[in-house]
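J.: Handing you this structure, nothing more for now.
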2 protein chains.
Amino acid sequence: MGTTQLETVPEPKYWHLRTVLSEALDSEFTVGEILPNERDLAARFGVARATLRQALEQLELEGRLQRRRGVGTTVAPPRVGVAVGTGQHAWPGMQGDDRQPVDCTLATPPAAVAAALETARDEAVHIVRSTRTTHGQAIAAELLYVPQASVPDLSAIDAPSGPARARAVLRGLQRLELEGRDSAVELGSARADDAKELDRLPGAPVLVVTTRFLAAGRTAALSVATYRADTCRLTFGASGGVEIQDGPQRQAS
Amino acid sequence: MGTTQLETVPEPKYWHLRTVLSEALDSEFTVGEILPNERDLAARFGVARATLRQALEQLELEGRLQRRRGVGTTVAPPRVGVAVGTGQHAWPGMQGDDRQPVDCTLATPPAAVAAALETARDEAVHIVRSTRTTHGQAIAAELLYVPQASVPDLSAIDAPSGPARARAVLRGLQRLELEGRDSAVELGSARADDAKELDRLPGAPVLVVTTRFLAAGRTAALSVATYRADTCRLTFGASGGVEIQDGPQRQAS
DNA sequence: TAGTGGTCTAGACCACCAA
DNA sequence: TGGTGGTCTAGACCACTAA
């Protein structure tokens, strides 16, 4: 990172800084390495700390950096490929699934969810909370909304809530024949509870995956999963082939 | 937006402000309506303009607001659902496709692309630039990398570049039998050229969709499409059913 | 307790757009 | 030309982490 000055260019300083830093990351740093602190970096480039931070934010958004309060800024590893829309039609919670049920409650869902499930606005549904982890890192928090009608024979002997209940609901779902599913991906910002679970600050960028599970001609369940946008690449394999896992798809600058 | 003061709460001001504004948007504003300018809003809530802007940035990231320099801040319409991984295996540029070829060149691709295509590092490939538009709005800029081996019989009479050449390359692809495709979605920031095409500033958040097209047992083409993250919801229909188009999946606060 | 990133302020000037 | 959002500064203090 020999550069110490910014020549006057017609592009914003923070953008040019982002490019300079990006190239430095490629050539002079290794994954996990700690960068100098923000005050030093700002001084080194002759800009205000706020401007330097704007550049760092960009790079964090692109998954190049990881910043942690009280610790420092480190070079992030390449994004993890996470299979989301597998070709196999499978219910969540099947064998080989890396979801870990955390909790299950019975409550009235948000209006938008009720509409998608075609349930009455005030009808309670099962809400299964799970997390997905890879390499010990939480990468996603998922809420699965299951109308009571989809799992009619939940035995009363099961726990009324908690992980055991969650697994019972998932088992109930697997008795239905899954006819198909469709998903949508959009950008969002982490709510306080999701942020905590994902070890991020509120407002951190996340990829929200909404999946409808179709069975018996209707929406049998709806999943809203929140993935860390900085560390995840969501893969949708529509072919029978092998999925790209750690592909190096980085946008050139 | 009657609120004029922020009580002291243990959460950041900008986050609380985001919540307050979000609720105001739901209840007191209609799509397309213009908000007061940033200086007025900041004064009204008793915060610095930078803090107010942090809240607006969040809301823009969530697709709730649209800000345009020299114009103002308006309430954004719901995100548009864009079909990305259609169940039908189809080459890009088929009938009914809303891609509009813009240009086509022959050049050596970035190293990461060459690796995915299994071409030599210095081997030139066809690069087809297209845009996707809905309602007259550019929502995506796409680069399609096609190895020359995939379209061996490109007639010399076609134009060497430009839209006509692009269509010729796409026609060539359609002669191959498509065996499958897989996609990956990740968050990125718009490069200068994409930003211009999408009517955004450089660094604007985008969803980058990388698609591999498989034919004859190998990767016959690779597409890197850049979607406006603020206005798009990408839909992946793995079922035969109807796609969600304008679903109201909004994260509750 | 020392050092980090996160929040916030109160200004200034610039680039862009519409009237 | 006047008003908008975009960039930038030079500070201050806070929340968190690790030693």
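Identifiers in the structure tokens: chain A, B, ... in order shown; residue index from 1 per chain; ligand index from 1 in order shown.
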Identify all chain C residues at most 7 Å from chain B by counting only C-alpha atoms (C1' of nucleotides); ligands do not count. Present them as a PyMOL selection string.
T.: chain C and resi 8-9+16-17
J.: Please determine the contact residues of chain A with respect to chain B at a cut-off of 7 Å, counting only C-alpha atoms, and supply them as a PyMOL selection string.
T.: chain A and resi 61-62+112+180-189+191+229+232-239+248-249+253
J.: Write out as a PyMOL selection string all residues of range 63-222 of chain A that backbone DSSP assigns to strand (DSSP E or B).
T.: chain A and resi 65-68+72-75+80-83+99-107+125-134+137-147+180-189+205-215+218-222
J.: Please return, as a PyMOL selection string, all residues of range 47-196 of chain A that DSSP assigns to alpha helix (DSSP H) on the basis of the backbone.
T.: chain A and resi 49-61+111-117+162-173+192-196
J.: Could you please select, counting only C-alpha atoms (C1' of nucleotides), the residues of chain D within 10 Å of chain B and state them as number ranges by chain?
T.: D: 3-6
J.: One number please: CA of Ile127 in chain B to CA of Glu142 in chain B, in Å, one decimal.
T.: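 For CA of Ile127 in chain B relative to CA of Glu142 in chain B, the distance reads 9.8 Å.
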J.: So how far away is CA of Gly136 in chain A from CA of Leu21 in chain A, in Å?
T.: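 Distance between the two atoms: 29.0 Å.
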J.: Quick one: pull the distance between CA of Gln54 in chain A and CA of Phe45 in chain B, Å, one decimal.
T.: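 Between CA of Gln54 in chain A and CA of Phe45 in chain B the gap is 24.2 Å.
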J.: I want to know what sits within 12 Å of DC13 in chain C, based on only C-alpha atoms (C1' of nucleotides), with residues of the same chain fewer than 4 positions away left out; could you give that as a compact mmCIF listing (two decimals) with C-alpha atoms (C1' of nucleotides), in the first residue's frame?
T.:
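The result, written out as result-v2.txt:
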```txt
# COMPACT_ATOMS: atom_id res chain seq x y z
C1' DG D 6 -23.67 13.97 -3.03
C1' DT D 7 -19.11 14.62 -1.09
C1' DC D 8 -15.88 16.03 2.37
C1' DT D 9 -13.89 17.89 6.63
```
